[in-house]
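**Student:** Handing you this structure, nothing more for now.
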Amino acid sequence: MIKGANAFVPTVPLRIAVRAGLDVSALLLTETGRVRGDGDIVFHGAPVHPSGAVRMLGEENGTAWLEAGLTAVEEEIVRVLVVGSTESGALRDVDGPSVEAFAPDGTSVVRYEVTEAGGETAMVLAELYRRAGGWKFRAVGQGYVNGLAGLVADHGVDVADEAPVPSPSPVPFQPPAPVPVAPVAPVAPVPFQVPAPTVTAPQPVPGTVAPEWSFGAVFEPYTQTGRDNDVITVDGLPPGPVVVELAIRGDGYTGLWPLTRFNKEGDTLVNSTEEDFQGRLLAHVPGNGLLRLQLKAEGPWQLRVLPLASARRLTEEQLESRGPDVLLHTGGTADLALHYRGDDNLIVNLYELAGHDDPTTLPRDENVVNEIGKRRETVPLPEGPLIVHMEMADGPWRAKLKRVQPYSGPRNDDGLANVTDIRSAQSGRSWWGRR
């Protein structure tokens with residue numbers, strides 16, 4: 001697995017190997033992302049969780065072993081973090097750290113090799129978390145330069161400055177004071193409205209002749225509202241990429257998948273535990289014009305299917321939003337400045353459409369960001385037309401273009417502007433200009 005990837009694992013007692021001689025501990029977290037007290041920290045000095053669900057199994061030849069009995073994990077616990085740390089030196093000095101989970105029969109279920117360690121001395125290597133009635137494994141790879149003390153403090157442990165961090169002897173952690181939670185009034189099961197998408201023309205820099213977006217067909221938006229789990233069917237759409245806008249009022253799990261013609265789930269569009277989820281997703285309508293989506297949600301929701309041209313344009317003006325999104329770039333080469341303030345995955349892909357003249361398909365995507373937690377990123381963008389797909393962004397973000405260069409227009413294989421392409425696009429006779 002690569003950093004940020006996740007997969008379902010069997011709900012059985014899993015044996016977890018952490019290699020490269022790291023000190024290993026486990027944190028059992030509630031929905032708040034915090035431990036309930038020092039009993040929810042499993043390490044050498046406290047090798048067994050009070051529930052018996054998570055325990056240390058010892059170390060052999062530089063490999064530390066944990067057991068996570070997923071069937072025995074208390075209902076209040078929703079995540080189990082697997083943590084690795086060093087006694088001295090940084091993680092980048094450790095040779096080949098990895099984490100691997102095995103089924104009871106010894107079969108390897110998932111494996112994650114850490115390849116991006118730096119000056120950190122402690123890291124959340126992976127996590128097991130509840131999802132859709134089962135458990136998933138995520139390759140996390142989130143390091144802490146302030147060590148194990150900083151890591152556990154981020155998850156609810158009050159560590160005094162002079163207190164040692166977990167080591168082979170017990171450490172008197174102080175659990176955090178409980179946070180009072182005000183009761184929330186139930187949400188009436190009625191449809192609700194989200195703001196209509198704003199379609200703004202691109203704002204070219206001086207000297208730029210940036211075209212209107214012309215890739216993909218334009219159609220009347222489709223809207224459906226409902227509550228909780230459902231299958232959404234939209235017929236009569238033009239084949240090709242579309243934007244699916246989803247808004248849910250609730251604090252449960254949100255999942256969305258396209259269904260194949262055999263009613264099998266395709267690639268995941270949404271996999272989120274965000275409260276009041278909202279986002280725009282990039283989906284594909286098959287050749288028969290029938291889009292079927294499997295939705296798992298708790299609470300009232302609204303789903304809209306929109307043409308690609310309705311996505312917001314990137315400009316030098318700051319764009320602020322939250323959740324996944326589909327953004328369009330039509331100008332010349334530029335730098336995309338991103339400021340992400342979420343705590344989970346940030347995954348950004350680019351679809352470069354120059355030279356791709358089939359509006360029913362997309363070219364192969366290029367992954368440009370795959371990180372976890374708060375980030376500031378600057379991504380160099382090629383000349384448009386370009387789709388910037390924020391595939392995962394469970395949290396608020398800001399985006400704007402910098403150093404935008406003049407748009408040079410469509411190009412042929414020799415890199416020269418193609419006059420025929422320009423004229424046909426303007427007249428609407430080509431696929432690029434089809435309406």
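Naming scheme: A, B, ... for chains in displayed order of the structure tokens; residues 1 onward per chain; ligands 1 onward as shown.
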If we count only C-alpha atoms and set the cut-off at 7 Å, which residues sit around Val124 of chain A, ignoring sequence neighbours fewer than 2 positions away in its own chain? Please answer as a PDB file with N, CA and C atoms, in the first residue's frame.
**Tutor:**
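Output saved as around37.pdb:
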ATOM      1  N   LEU A  81      -4.769   3.094  16.601  1.00  0.00           N
ATOM      2  CA  LEU A  81      -3.560   3.584  15.953  1.00  0.00           C
ATOM      3  C   LEU A  81      -2.389   2.661  16.262  1.00  0.00           C
ATOM      4  N   VAL A  82      -1.602   2.351  15.252  1.00  0.00           N
ATOM      5  CA  VAL A  82      -0.357   1.612  15.427  1.00  0.00           C
ATOM      6  C   VAL A  82       0.782   2.618  15.316  1.00  0.00           C
ATOM      7  N   VAL A  83       1.546   2.769  16.396  1.00  0.00           N
ATOM      8  CA  VAL A  83       2.540   3.836  16.519  1.00  0.00           C
ATOM      9  C   VAL A  83       3.932   3.234  16.604  1.00  0.00           C
ATOM     10  N   GLY A  84       4.879   3.827  15.905  1.00  0.00           N
ATOM     11  CA  GLY A  84       6.281   3.456  15.991  1.00  0.00           C
ATOM     12  C   GLY A  84       7.116   4.650  16.399  1.00  0.00           C
ATOM     13  N   ALA A 126      -0.005   3.328  10.994  1.00  0.00           N
ATOM     14  CA  ALA A 126      -1.234   2.848  10.369  1.00  0.00           C
ATOM     15  C   ALA A 126      -2.358   2.944  11.376  1.00  0.00           C
ATOM     16  N   VAL A 140      -0.976   5.305   7.172  1.00  0.00           N
ATOM     17  CA  VAL A 140      -1.019   6.711   7.589  1.00  0.00           C
ATOM     18  C   VAL A 140       0.316   7.406   7.347  1.00  0.00           C
ATOM     19  N   GLY A 141       1.381   6.978   8.030  1.00  0.00           N
ATOM     20  CA  GLY A 141       2.697   7.586   7.831  1.00  0.00           C
ATOM     21  C   GLY A 141       2.782   9.030   8.267  1.00  0.00           C
ATOM     22  N   GLN A 142       2.095   9.392   9.371  1.00  0.00           N
ATOM     23  CA  GLN A 142       2.120  10.774   9.868  1.00  0.00           C
ATOM     24  C   GLN A 142       3.128  10.872  11.006  1.00  0.00           C
ATOM     25  N   GLY A 143       4.207  11.633  10.762  1.00  0.00           N
ATOM     26  CA  GLY A 143       5.279  11.728  11.740  1.00  0.00           C
ATOM     27  C   GLY A 143       5.141  12.910  12.673  1.00  0.00           C
TER      28      GLY A 143
END
**Student:** If we count only C-alpha atoms, what is near His389 of chain A at a cut-off of 7 Å, once residues fewer than 4 positions away on the same chain are taken out, given as a list in words?
**Tutor:**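 Near neighbours after the sequence-gap exclusion: Asp325, Val326, Leu327, Val348, Asn349 and Leu350 of chain A.
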**Student:** Would you put the residues from that selection into a file with all heavy atoms, as a PDB file, in the first residue's frame?
**Tutor:**
ATOM      1  N   ASP A 325     -13.569  18.468  -4.435  1.00  0.00           N
ATOM      2  CA  ASP A 325     -14.091  19.408  -5.422  1.00  0.00           C
ATOM      3  C   ASP A 325     -13.488  19.107  -6.791  1.00  0.00           C
ATOM      4  O   ASP A 325     -12.487  18.393  -6.903  1.00  0.00           O
ATOM      5  CB  ASP A 325     -13.775  20.853  -5.021  1.00  0.00           C
ATOM      6  CG  ASP A 325     -14.828  21.838  -5.499  1.00  0.00           C
ATOM      7  OD1 ASP A 325     -15.460  21.564  -6.539  1.00  0.00           O
ATOM      8  OD2 ASP A 325     -15.029  22.872  -4.837  1.00  0.00           O
ATOM      9  N   VAL A 326     -14.131  19.660  -7.813  1.00  0.00           N
ATOM     10  CA  VAL A 326     -13.656  19.581  -9.187  1.00  0.00           C
ATOM     11  C   VAL A 326     -13.457  21.014  -9.666  1.00  0.00           C
ATOM     12  O   VAL A 326     -14.408  21.800  -9.702  1.00  0.00           O
ATOM     13  CB  VAL A 326     -14.665  18.845 -10.095  1.00  0.00           C
ATOM     14  CG1 VAL A 326     -14.135  18.770 -11.518  1.00  0.00           C
ATOM     15  CG2 VAL A 326     -14.956  17.450  -9.548  1.00  0.00           C
ATOM     16  N   LEU A 327     -12.222  21.368 -10.028  1.00  0.00           N
ATOM     17  CA  LEU A 327     -11.888  22.722 -10.438  1.00  0.00           C
ATOM     18  C   LEU A 327     -11.322  22.697 -11.847  1.00  0.00           C
ATOM     19  O   LEU A 327     -10.733  21.699 -12.277  1.00  0.00           O
ATOM     20  CB  LEU A 327     -10.865  23.333  -9.476  1.00  0.00           C
ATOM     21  CG  LEU A 327     -11.253  23.289  -7.982  1.00  0.00           C
ATOM     22  CD1 LEU A 327     -10.086  23.753  -7.123  1.00  0.00           C
ATOM     23  CD2 LEU A 327     -12.486  24.121  -7.712  1.00  0.00           C
ATOM     24  N   VAL A 348      -4.903  15.150  -4.585  1.00  0.00           N
ATOM     25  CA  VAL A 348      -5.201  16.016  -5.717  1.00  0.00           C
ATOM     26  C   VAL A 348      -4.644  15.370  -6.984  1.00  0.00           C
ATOM     27  O   VAL A 348      -3.472  14.973  -7.022  1.00  0.00           O
ATOM     28  CB  VAL A 348      -4.594  17.426  -5.536  1.00  0.00           C
ATOM     29  CG1 VAL A 348      -4.958  18.320  -6.719  1.00  0.00           C
ATOM     30  CG2 VAL A 348      -5.078  18.046  -4.226  1.00  0.00           C
ATOM     31  N   ASN A 349      -5.479  15.268  -8.015  1.00  0.00           N
ATOM     32  CA  ASN A 349      -5.081  14.691  -9.304  1.00  0.00           C
ATOM     33  C   ASN A 349      -5.337  15.701 -10.421  1.00  0.00           C
ATOM     34  O   ASN A 349      -6.257  16.519 -10.336  1.00  0.00           O
ATOM     35  CB  ASN A 349      -5.870  13.410  -9.596  1.00  0.00           C
ATOM     36  CG  ASN A 349      -5.696  12.372  -8.515  1.00  0.00           C
ATOM     37  OD1 ASN A 349      -4.582  12.124  -8.068  1.00  0.00           O
ATOM     38  ND2 ASN A 349      -6.787  11.765  -8.080  1.00  0.00           N
ATOM     39  N   LEU A 350      -4.539  15.624 -11.472  1.00  0.00           N
ATOM     40  CA  LEU A 350      -4.701  16.486 -12.641  1.00  0.00           C
ATOM     41  C   LEU A 350      -5.092  15.643 -13.854  1.00  0.00           C
ATOM     42  O   LEU A 350      -4.570  14.541 -14.051  1.00  0.00           O
ATOM     43  CB  LEU A 350      -3.401  17.227 -12.961  1.00  0.00           C
ATOM     44  CG  LEU A 350      -2.775  18.109 -11.872  1.00  0.00           C
ATOM     45  CD1 LEU A 350      -1.546  18.808 -12.431  1.00  0.00           C
ATOM     46  CD2 LEU A 350      -3.765  19.113 -11.321  1.00  0.00           C
TER      47      LEU A 350
END
**Student:** Fewer than 2 positions away in the same chain doesn't count, so skip those; otherwise give me all residues within 12 Å of segment 398-400 of chain A, counting only C-alpha atoms, as a PyMOL selection string.
**Tutor:** chain A and resi 203+312-325+327-329+334-342+374-381+388+390+393+395-396+402-404
**Student:** Write out, as a tab-separated table (two decimals), in the first residue's frame, the residues just selected, with N, CA and C atoms.
**Tutor:**
chain	number	residue	atom	x	y	z
A	203	GLN	N	-10.99	34.39	-15.49
A	203	GLN	CA	-10.48	35.75	-15.49
A	203	GLN	C	-9.05	35.72	-16.02
A	312	ARG	N	-16.18	25.17	-10.85
A	312	ARG	CA	-15.61	26.50	-10.66
A	312	ARG	C	-14.24	26.61	-11.32
A	313	ARG	N	-13.96	27.83	-11.82
A	313	ARG	CA	-12.68	28.09	-12.47
A	313	ARG	C	-11.64	28.53	-11.45
A	314	LEU	N	-10.42	28.13	-11.68
A	314	LEU	CA	-9.31	28.63	-10.89
A	314	LEU	C	-8.83	29.95	-11.47
A	315	THR	N	-8.62	30.94	-10.62
A	315	THR	CA	-8.12	32.25	-11.04
A	315	THR	C	-7.12	32.72	-10.00
A	316	GLU	N	-6.65	33.95	-10.16
A	316	GLU	CA	-5.75	34.53	-9.16
A	316	GLU	C	-6.50	35.06	-7.95
A	317	GLU	N	-7.82	35.03	-8.02
A	317	GLU	CA	-8.63	35.35	-6.84
A	317	GLU	C	-8.73	34.11	-5.96
A	318	GLN	N	-8.65	34.29	-4.65
A	318	GLN	CA	-8.66	33.15	-3.73
A	318	GLN	C	-10.02	32.47	-3.71
A	319	LEU	N	-10.00	31.16	-3.84
A	319	LEU	CA	-11.20	30.33	-3.78
A	319	LEU	C	-11.18	29.59	-2.46
A	320	GLU	N	-12.25	29.68	-1.69
A	320	GLU	CA	-12.28	29.07	-0.37
A	320	GLU	C	-13.49	28.14	-0.26
A	321	SER	N	-13.26	26.93	0.22
A	321	SER	CA	-14.34	25.96	0.33
A	321	SER	C	-13.91	24.87	1.30
A	322	ARG	N	-14.64	23.74	1.28
A	322	ARG	CA	-14.27	22.58	2.08
A	322	ARG	C	-14.77	21.33	1.35
A	323	GLY	N	-14.13	20.22	1.63
A	323	GLY	CA	-14.53	18.97	1.02
A	323	GLY	C	-13.92	18.77	-0.35
A	324	PRO	N	-14.12	17.59	-0.95
A	324	PRO	CA	-13.60	17.33	-2.29
A	324	PRO	C	-14.25	18.27	-3.30
A	325	ASP	N	-13.57	18.47	-4.44
A	325	ASP	CA	-14.09	19.41	-5.42
A	325	ASP	C	-13.49	19.11	-6.79
A	327	LEU	N	-12.22	21.37	-10.03
A	327	LEU	CA	-11.89	22.72	-10.44
A	327	LEU	C	-11.32	22.70	-11.85
A	328	LEU	N	-11.50	23.80	-12.57
A	328	LEU	CA	-11.08	23.88	-13.96
A	328	LEU	C	-10.05	24.98	-14.14
A	329	HIS	N	-9.06	24.70	-15.00
A	329	HIS	CA	-8.04	25.69	-15.35
A	329	HIS	C	-8.00	25.81	-16.87
A	334	ALA	N	0.76	27.89	-14.84
A	334	ALA	CA	0.58	28.64	-13.59
A	334	ALA	C	1.00	27.77	-12.42
A	335	ASP	N	1.08	28.38	-11.26
A	335	ASP	CA	1.31	27.65	-10.01
A	335	ASP	C	0.04	27.71	-9.18
A	336	LEU	N	-0.38	26.55	-8.69
A	336	LEU	CA	-1.58	26.46	-7.86
A	336	LEU	C	-1.16	26.42	-6.39
A	337	ALA	N	-1.56	27.45	-5.63
A	337	ALA	CA	-1.26	27.52	-4.20
A	337	ALA	C	-2.44	26.94	-3.42
A	338	LEU	N	-2.18	25.91	-2.63
A	338	LEU	CA	-3.21	25.25	-1.83
A	338	LEU	C	-2.88	25.39	-0.35
A	339	HIS	N	-3.88	25.72	0.44
A	339	HIS	CA	-3.75	25.72	1.90
A	339	HIS	C	-4.87	24.84	2.46
A	340	TYR	N	-4.49	23.67	2.94
A	340	TYR	CA	-5.46	22.68	3.44
A	340	TYR	C	-5.41	22.65	4.95
A	341	ARG	N	-6.58	22.75	5.58
A	341	ARG	CA	-6.65	22.81	7.04
A	341	ARG	C	-7.40	21.64	7.65
A	342	GLY	N	-7.52	20.55	6.90
A	342	GLY	CA	-8.16	19.35	7.43
A	342	GLY	C	-7.16	18.47	8.16
A	374	LYS	N	-2.82	18.98	7.93
A	374	LYS	CA	-2.73	20.36	7.46
A	374	LYS	C	-1.52	20.53	6.54
A	375	ARG	N	-1.74	21.17	5.40
A	375	ARG	CA	-0.69	21.28	4.39
A	375	ARG	C	-0.73	22.64	3.70
A	376	ARG	N	0.43	23.10	3.26
A	376	ARG	CA	0.55	24.18	2.29
A	376	ARG	C	1.31	23.61	1.10
A	377	GLU	N	0.71	23.60	-0.04
A	377	GLU	CA	1.31	23.02	-1.23
A	377	GLU	C	1.28	24.04	-2.38
A	378	THR	N	2.31	24.00	-3.21
A	378	THR	CA	2.31	24.76	-4.46
A	378	THR	C	2.54	23.77	-5.59
A	379	VAL	N	1.54	23.68	-6.49
A	379	VAL	CA	1.56	22.68	-7.56
A	379	VAL	C	1.72	23.39	-8.90
A	380	PRO	N	2.78	23.10	-9.66
A	380	PRO	CA	2.90	23.69	-11.00
A	380	PRO	C	1.87	23.08	-11.94
A	381	LEU	N	1.12	23.93	-12.64
A	381	LEU	CA	0.08	23.46	-13.56
A	381	LEU	C	0.52	23.68	-15.00
A	388	VAL	N	-8.56	19.97	-12.28
A	388	VAL	CA	-7.89	19.78	-11.00
A	388	VAL	C	-8.89	19.10	-10.08
A	390	MET	N	-9.77	17.53	-6.68
A	390	MET	CA	-9.46	17.34	-5.27
A	390	MET	C	-10.25	16.12	-4.81
A	393	ALA	N	-10.53	15.59	0.50
A	393	ALA	CA	-10.20	16.82	1.23
A	393	ALA	C	-11.23	16.99	2.33
A	395	GLY	N	-12.04	18.59	4.93
A	395	GLY	CA	-11.73	19.76	5.73
A	395	GLY	C	-11.71	21.00	4.87
A	396	PRO	N	-11.55	22.18	5.48
A	396	PRO	CA	-11.54	23.44	4.73
A	396	PRO	C	-10.24	23.63	3.97
A	402	LYS	N	-1.06	31.44	-9.07
A	402	LYS	CA	0.03	32.42	-9.01
A	402	LYS	C	0.87	32.29	-10.29
A	403	ARG	N	1.50	33.40	-10.64
A	403	ARG	CA	2.43	33.41	-11.79
A	403	ARG	C	1.78	32.80	-13.04
A	404	VAL	N	0.58	33.28	-13.37
A	404	VAL	CA	-0.15	32.78	-14.55
A	404	VAL	C	0.47	33.36	-15.81
**Student:** I'd like the contact shell of Gly133 of chain A - 12 Å cut-off, only C-alpha atoms, skipping same-chain residues fewer than 4 positions apart - returned as a PyMOL selection string.
**Tutor:** chain A and resi 8-11+70-71+75+78+129+253+296
**Student:** With distances taken over only C-alpha atoms, which of A:Val145, A:Ile248, A:Val99, A:Met56 is nearest to Gln302 of chain A?
**Tutor:**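 Ranked by minimum distance to Gln302 of chain A, first place goes to A:Ile248.
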**Student:** Give me the residues near segment 87-92 of chain A as a PDB file with C-alpha atoms, in the first residue's frame, where near means some atom within 6 Å (using only C-alpha atoms) and where sequence neighbours in that chain fewer than 6 positions away do not count.
**Tutor:**
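And here's part.pdb as it stands now:
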ATOM      1  CA  ALA A 117      10.244   9.347   6.915  1.00  0.00           C
ATOM      2  CA  GLY A 118      12.213  12.459   7.813  1.00  0.00           C
ATOM      3  CA  GLY A 119      13.375  14.059  11.027  1.00  0.00           C
ATOM      4  CA  GLU A 120      10.462  12.696  13.055  1.00  0.00           C
ATOM      5  CA  THR A 121      11.078  10.485  16.073  1.00  0.00           C
TER       6      THR A 121
END
**Student:** Name the residues in contact with Thr30 of chain A at a cut-off of 10 Å, using only C-alpha atoms, excluding same-chain residues fewer than 5 positions from it; report them as a ChimeraX atom specification.
**Tutor:** /A:35-36,40,74-80,155
**Student:** Check the DSSP output for the backbone and give back, as JSON, numbers by chain, the residues of segment 332-417 of chain A in strand (DSSP E or B).
**Tutor:** {"A": [334, 335, 336, 337, 338, 339, 340, 345, 346, 347, 348, 349, 350, 351, 352, 366, 367, 368, 369, 370, 371, 372, 375, 376, 377, 378, 379, 380, 381, 386, 387, 388, 389, 390, 391, 392, 393, 396, 397, 398, 399, 400, 401, 402, 411, 417]}
**Student:** Keeping only N, CA and C atoms, take the residues you just selected and write them out as a tab-separated table (two decimals), in the first residue's frame.
**Tutor:**
chain	number	residue	atom	x	y	z
A	334	ALA	N	0.76	27.89	-14.84
A	334	ALA	CA	0.58	28.64	-13.59
A	334	ALA	C	1.00	27.77	-12.42
A	335	ASP	N	1.08	28.38	-11.26
A	335	ASP	CA	1.31	27.65	-10.01
A	335	ASP	C	0.04	27.71	-9.18
A	336	LEU	N	-0.38	26.55	-8.69
A	336	LEU	CA	-1.58	26.46	-7.86
A	336	LEU	C	-1.16	26.42	-6.39
A	337	ALA	N	-1.56	27.45	-5.63
A	337	ALA	CA	-1.26	27.52	-4.20
A	337	ALA	C	-2.44	26.94	-3.42
A	338	LEU	N	-2.18	25.91	-2.63
A	338	LEU	CA	-3.21	25.25	-1.83
A	338	LEU	C	-2.88	25.39	-0.35
A	339	HIS	N	-3.88	25.72	0.44
A	339	HIS	CA	-3.75	25.72	1.90
A	339	HIS	C	-4.87	24.84	2.46
A	340	TYR	N	-4.49	23.67	2.94
A	340	TYR	CA	-5.46	22.68	3.44
A	340	TYR	C	-5.41	22.65	4.95
A	345	ASN	N	-6.86	12.87	4.81
A	345	ASN	CA	-6.18	12.83	3.52
A	345	ASN	C	-6.47	14.05	2.66
A	346	LEU	N	-5.43	14.51	1.97
A	346	LEU	CA	-5.56	15.48	0.88
A	346	LEU	C	-4.96	14.82	-0.36
A	347	ILE	N	-5.83	14.50	-1.34
A	347	ILE	CA	-5.39	13.87	-2.57
A	347	ILE	C	-5.85	14.73	-3.74
A	348	VAL	N	-4.90	15.15	-4.59
A	348	VAL	CA	-5.20	16.02	-5.72
A	348	VAL	C	-4.64	15.37	-6.98
A	349	ASN	N	-5.48	15.27	-8.01
A	349	ASN	CA	-5.08	14.69	-9.30
A	349	ASN	C	-5.34	15.70	-10.42
A	350	LEU	N	-4.54	15.62	-11.47
A	350	LEU	CA	-4.70	16.49	-12.64
A	350	LEU	C	-5.09	15.64	-13.85
A	351	TYR	N	-6.00	16.19	-14.67
A	351	TYR	CA	-6.35	15.60	-15.96
A	351	TYR	C	-6.02	16.64	-17.04
A	352	GLU	N	-4.96	16.39	-17.80
A	352	GLU	CA	-4.52	17.32	-18.82
A	352	GLU	C	-5.24	17.00	-20.12
A	366	GLU	N	-2.83	12.38	-13.26
A	366	GLU	CA	-1.51	12.51	-12.63
A	366	GLU	C	-1.72	12.93	-11.18
A	367	ASN	N	-1.26	12.11	-10.24
A	367	ASN	CA	-1.38	12.45	-8.83
A	367	ASN	C	-0.28	13.45	-8.46
A	368	VAL	N	-0.69	14.61	-7.91
A	368	VAL	CA	0.29	15.65	-7.56
A	368	VAL	C	0.36	15.92	-6.07
A	369	VAL	N	-0.66	15.51	-5.30
A	369	VAL	CA	-0.63	15.65	-3.84
A	369	VAL	C	-1.28	14.42	-3.23
A	370	ASN	N	-0.62	13.83	-2.25
A	370	ASN	CA	-1.17	12.71	-1.49
A	370	ASN	C	-0.58	12.79	-0.09
A	371	GLU	N	-1.22	13.57	0.77
A	371	GLU	CA	-0.70	13.84	2.10
A	371	GLU	C	-1.81	13.71	3.14
A	372	ILE	N	-1.43	13.75	4.41
A	372	ILE	CA	-2.39	13.68	5.51
A	372	ILE	C	-2.15	14.86	6.44
A	375	ARG	N	-1.74	21.17	5.40
A	375	ARG	CA	-0.69	21.28	4.39
A	375	ARG	C	-0.73	22.64	3.70
A	376	ARG	N	0.43	23.10	3.26
A	376	ARG	CA	0.55	24.18	2.29
A	376	ARG	C	1.31	23.61	1.10
A	377	GLU	N	0.71	23.60	-0.04
A	377	GLU	CA	1.31	23.02	-1.23
A	377	GLU	C	1.28	24.04	-2.38
A	378	THR	N	2.31	24.00	-3.21
A	378	THR	CA	2.31	24.76	-4.46
A	378	THR	C	2.54	23.77	-5.59
A	379	VAL	N	1.54	23.68	-6.49
A	379	VAL	CA	1.56	22.68	-7.56
A	379	VAL	C	1.72	23.39	-8.90
A	380	PRO	N	2.78	23.10	-9.66
A	380	PRO	CA	2.90	23.69	-11.00
A	380	PRO	C	1.87	23.08	-11.94
A	381	LEU	N	1.12	23.93	-12.64
A	381	LEU	CA	0.08	23.46	-13.56
A	381	LEU	C	0.52	23.68	-15.00
A	386	LEU	N	-7.56	22.01	-18.25
A	386	LEU	CA	-7.06	21.10	-17.23
A	386	LEU	C	-8.11	20.94	-16.14
A	387	ILE	N	-8.33	19.70	-15.71
A	387	ILE	CA	-9.19	19.42	-14.56
A	387	ILE	C	-8.30	19.21	-13.34
A	388	VAL	N	-8.56	19.97	-12.28
A	388	VAL	CA	-7.89	19.78	-11.00
A	388	VAL	C	-8.89	19.10	-10.08
A	389	HIS	N	-8.69	17.81	-9.82
A	389	HIS	CA	-9.63	17.01	-9.05
A	389	HIS	C	-9.12	16.84	-7.63
A	390	MET	N	-9.77	17.53	-6.68
A	390	MET	CA	-9.46	17.34	-5.27
A	390	MET	C	-10.25	16.12	-4.81
A	391	GLU	N	-9.66	14.96	-5.02
A	391	GLU	CA	-10.36	13.69	-4.80
A	391	GLU	C	-10.73	13.48	-3.34
A	392	MET	N	-9.84	13.84	-2.43
A	392	MET	CA	-10.12	13.73	-1.00
A	392	MET	C	-9.66	15.02	-0.33
A	393	ALA	N	-10.53	15.59	0.50
A	393	ALA	CA	-10.20	16.82	1.23
A	393	ALA	C	-11.23	16.99	2.33
A	396	PRO	N	-11.55	22.18	5.48
A	396	PRO	CA	-11.54	23.44	4.73
A	396	PRO	C	-10.24	23.63	3.97
A	397	TRP	N	-10.31	24.37	2.85
A	397	TRP	CA	-9.13	24.64	2.05
A	397	TRP	C	-9.28	25.96	1.29
A	398	ARG	N	-8.14	26.48	0.84
A	398	ARG	CA	-8.10	27.67	0.00
A	398	ARG	C	-7.23	27.37	-1.21
A	399	ALA	N	-7.56	27.98	-2.34
A	399	ALA	CA	-6.79	27.74	-3.55
A	399	ALA	C	-6.79	29.00	-4.41
A	400	LYS	N	-5.66	29.27	-5.05
A	400	LYS	CA	-5.59	30.36	-6.01
A	400	LYS	C	-4.39	30.13	-6.92
A	401	LEU	N	-4.42	30.78	-8.09
A	401	LEU	CA	-3.33	30.67	-9.04
A	401	LEU	C	-2.31	31.78	-8.81
A	402	LYS	N	-1.06	31.44	-9.07
A	402	LYS	CA	0.03	32.42	-9.01
A	402	LYS	C	0.87	32.29	-10.29
A	411	ARG	N	-2.69	23.16	-29.28
A	411	ARG	CA	-1.42	22.82	-29.91
A	411	ARG	C	-1.52	21.49	-30.63
A	417	ALA	N	0.40	26.07	-32.41
A	417	ALA	CA	-1.04	26.32	-32.34
A	417	ALA	C	-1.71	25.77	-33.58
**Student:** Suppose you want the space between atom CA of Val12 of chain A and atom CA of Arg138 of chain A; what is it in Å?
**Tutor:**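 Value for the atom CA of Val12 of chain A-atom CA of Arg138 of chain A distance: 16.6 Å.
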**Student:** Which residue out of A:Ala139, A:Ala46, A:Leu125, A:Val234 has the minimum interatomic distance to Gly4 of chain A when only C-alpha atoms are used?
**Tutor:**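 Checking each candidate against Gly4 of chain A, we get A:Ala139 as the closest.
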**Student:** Determine the nearest neighbour of Asp230 of chain A from the options A:Glu116, A:Asp105, A:Glu298, A:Asp38, counting only C-alpha atoms.
**Tutor:**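 Between A:Glu116, A:Asp105, A:Glu298, A:Asp38, the residue approaching Asp230 of chain A most closely is A:Glu298.
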**Student:** Quick one: of A:Asn229, A:Gln224, A:Thr260, A:Thr333, who's nearest to Val305 of chain A, counting only C-alpha atoms?
**Tutor:** A:Gln224
**Student:** Restricting the calculation to only C-alpha atoms: of A:Glu113, A:Val270, A:His284, A:Leu303, which residue gets closest to Thr223 of chain A?
**Tutor:**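 Comparing A:Glu113, A:Val270, A:His284, A:Leu303 against Thr223 of chain A, the winner is A:Leu303.
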